[in-house]
Amino acid sequence: MSTFPEQVPHNPEQQPSGEPTDSPASDPLGPENVPIPPAEWTGEPEEPSPQPGSTSTASLAAPDDQPLFASYTRPELIALREERIPHMGHIGILILLVFSAFVAINVLVAAALHAKLWGISTPAQAQTDFHYALITQAALYLITFAGCLIAFPLLWRKSFFDGIHWNGAFAIQRFARLVSAAVICFFVAMINGMLLPGPTDAPIDQLFKAPGAAWVLFAFGVTLAPFFEEMAFRGFLLPALCTAWDWSLEHLTGTPRRPLDQNGDPNWSLNAMIFGSLITSLPFALMHGFQTAWSLGPFLLLVFVSLVLCWVRLSTRSLAASTLVHASYNFMLFSFMLLGTGGFKHLDKM
């Protein structure tokens with residue numbers, strides 16, 4: 001093994017044979033024997049030394065050039081989650097929360113009936129008593145909502161309101177346009193009432209006849225009811241159905257998966273949004289069927305209103321927007337009843 005250094009370009013002082021010339025002995029610590037600084041090297045590119053806080057050049061090397069145990073010596077990047085939420089699995093969790101709240105409320109109602117609270121002792125009487133109707137419904141909403149605030153942020157790794165696409169700032173910015181959508185729904189309701197009137201003695205009419213009940217129903221109908229109904233139907237069911245449509249199409253036809261938007265929310269196809277809106281509107285209308293004695297006119301009106309709310313929710317990407325439209329629509333209906341009955345004093349005119 002040769003001890004000579006690597007071949008360098010021809011030097012005039014070198015012998016023609018290529019062998020190095022003998023040089024006189026010199027001081028090994030003299031200036032001529034000090035190594036040349038890297039900046040003055042020639043023939044090979046200078047490799048920059050890593051600086052603190054900068055990315056090492058070793059990470060740019062090919063995988064075969066990486067040292068053994070490299071993955072143990074530097075942290076790996078965590079891949080972003082590509083989950084589309086909410087999906088049908090989250091609907092199942094929501095149903096479990098609703099069922100748990102329903103069981104708890106029924107236990108409380110049974111205890112209240114046993115104690116003959118407000119003079120009510122049978123379930124049939126409780127169905128038409130506004131104390132039981134409103135308190136049980138409000139309790140169902142609040143218990144379910146509390147469960148959602150605990151369970152879903154743990155699953156989604158984001159806040160609950162981000163997961164259901166609340167986006168309240170957008171609703172405030174588009175307040176006038178959203179109220180105009182509620183006005184359209186209100187005029188359709190007036191036309192529907194003339195062409196397809198509902199029954200004159202529906203269960204919801206019985207609730208209004210109790211003293212003071214109309215004002216409580218008014219407050220409930222423009223606050224808690226719109227929020228929780230929108231949370232369940234347009235916050236969970238509608239986006240889950242849209243995602244289920246696109247997911248099914250991707251797996252059946254091999255269609256490429258639609259990427260998430262810049263906020264990490266799903267981008268649904270038009271067919272998915274149409275499908276989700278139609279299916280969401282049916283249970284929404286059926287949920288109010290008991291209150292209107294399952295009459296056709298109010299059922300069709302509720303389907304129409306639900307389709308408008310779905311359109312608002314999907315077009316604005318804001319659940320707060322559809323909640324504002326829903327609350328405004330209910331406010332107009334109750335205000336019309338308020339004016340028509342002289343401040344709820346003549347409920348026989350309803």
# chains A, B, ... in the order shown; residues from 1 in each chain; ligands from 1
>>> select_by_dssp(residues="region 254-348 of chain A", states="alpha helix (DSSP H)", output="PyMOL selection string")
chain A and resi 270-287+296-316+319-340
>>> residues_around(residues="Ala285 (chain A)", least_positions_apart="5", cutoff="8 Å", atoms="only C-alpha atoms", output="ChimeraX atom specification")
/A:299-300,302-303,306
>>> atom_distance(atom1="CA of Leu224 (chain A)", atom2="CA of Leu142 (chain A)")
9.0 Å
>>> residues_around(residues="Ala171 (chain A)", least_positions_apart="2", cutoff="12 Å", atoms="only C-alpha atoms", output="PyMOL selection string")
chain A and resi 165-169+173-179+312-313+315-325
>>> residues_around(residues="region 274-282 of chain A", least_positions_apart="4", cutoff="9 Å", atoms="only C-alpha atoms", output="ChimeraX atom specification")
/A:233-234,237-245,269-270,286-287,302-307,309-311
>>> write_last_selection(atoms="C-alpha atoms", output="PDB file, in the first residue's frame")
ATOM      1  CA  PHE A 233     -79.145  16.942  10.908  1.00  0.00           C
ATOM      2  CA  ARG A 234     -76.845  19.408   9.129  1.00  0.00           C
ATOM      3  CA  LEU A 237     -76.130  13.490   9.233  1.00  0.00           C
ATOM      4  CA  LEU A 238     -75.770  15.621   6.105  1.00  0.00           C
ATOM      5  CA  PRO A 239     -71.933  15.619   5.865  1.00  0.00           C
ATOM      6  CA  ALA A 240     -71.806  11.929   6.839  1.00  0.00           C
ATOM      7  CA  LEU A 241     -74.193  11.003   4.017  1.00  0.00           C
ATOM      8  CA  CYS A 242     -72.229  13.107   1.524  1.00  0.00           C
ATOM      9  CA  THR A 243     -68.999  11.419   2.565  1.00  0.00           C
ATOM     10  CA  ALA A 244     -70.644   7.980   2.411  1.00  0.00           C
ATOM     11  CA  TRP A 245     -71.739   8.623  -1.186  1.00  0.00           C
ATOM     12  CA  SER A 269     -69.201  15.894  -5.323  1.00  0.00           C
ATOM     13  CA  LEU A 270     -72.457  17.460  -6.538  1.00  0.00           C
ATOM     14  CA  LEU A 286     -90.696  12.901  10.087  1.00  0.00           C
ATOM     15  CA  MET A 287     -89.312  14.090  13.432  1.00  0.00           C
ATOM     16  CA  LEU A 302     -90.747  20.705   6.316  1.00  0.00           C
ATOM     17  CA  VAL A 303     -89.039  18.821   3.471  1.00  0.00           C
ATOM     18  CA  PHE A 304     -88.744  22.052   1.502  1.00  0.00           C
ATOM     19  CA  VAL A 305     -87.387  23.996   4.475  1.00  0.00           C
ATOM     20  CA  SER A 306     -84.879  21.240   5.173  1.00  0.00           C
ATOM     21  CA  LEU A 307     -83.646  21.309   1.562  1.00  0.00           C
ATOM     22  CA  LEU A 309     -81.181  24.583   5.104  1.00  0.00           C
ATOM     23  CA  CYS A 310     -79.052  21.860   3.501  1.00  0.00           C
ATOM     24  CA  TRP A 311     -78.301  24.125   0.558  1.00  0.00           C
TER      25      TRP A 311
END
>>> closest_residue(among="A:Leu97, A:Pro283, A:Leu301, A:Val308", to="Met190 (chain A)", atoms="only C-alpha atoms")
A:Leu301
>>> closest_residue(among="A:Tyr329, A:Phe102, A:Phe145, A:Phe336", to="Phe228 (chain A)", atoms="only C-alpha atoms")
A:Phe145
>>> atom_distance(atom1="CA of Ile93 (chain A)", atom2="CA of His251 (chain A)")
23.8 Å
>>> closest_residue(among="A:Ile164, A:Ser100, A:Asn330, A:Tyr141", to="Phe236 (chain A)", atoms="only C-alpha atoms")
A:Ile164
>>> atom_distance(atom1="CA of Pro86 (chain A)", atom2="CA of Met273 (chain A)")
14.2 Å
>>> residues_around(residues="Ala225 (chain A)", least_positions_apart="3", cutoff="12 Å", atoms="only C-alpha atoms", output="PyMOL selection string")
chain A and resi 134-135+137-142+216-222+228-233+288+323-324+326-331
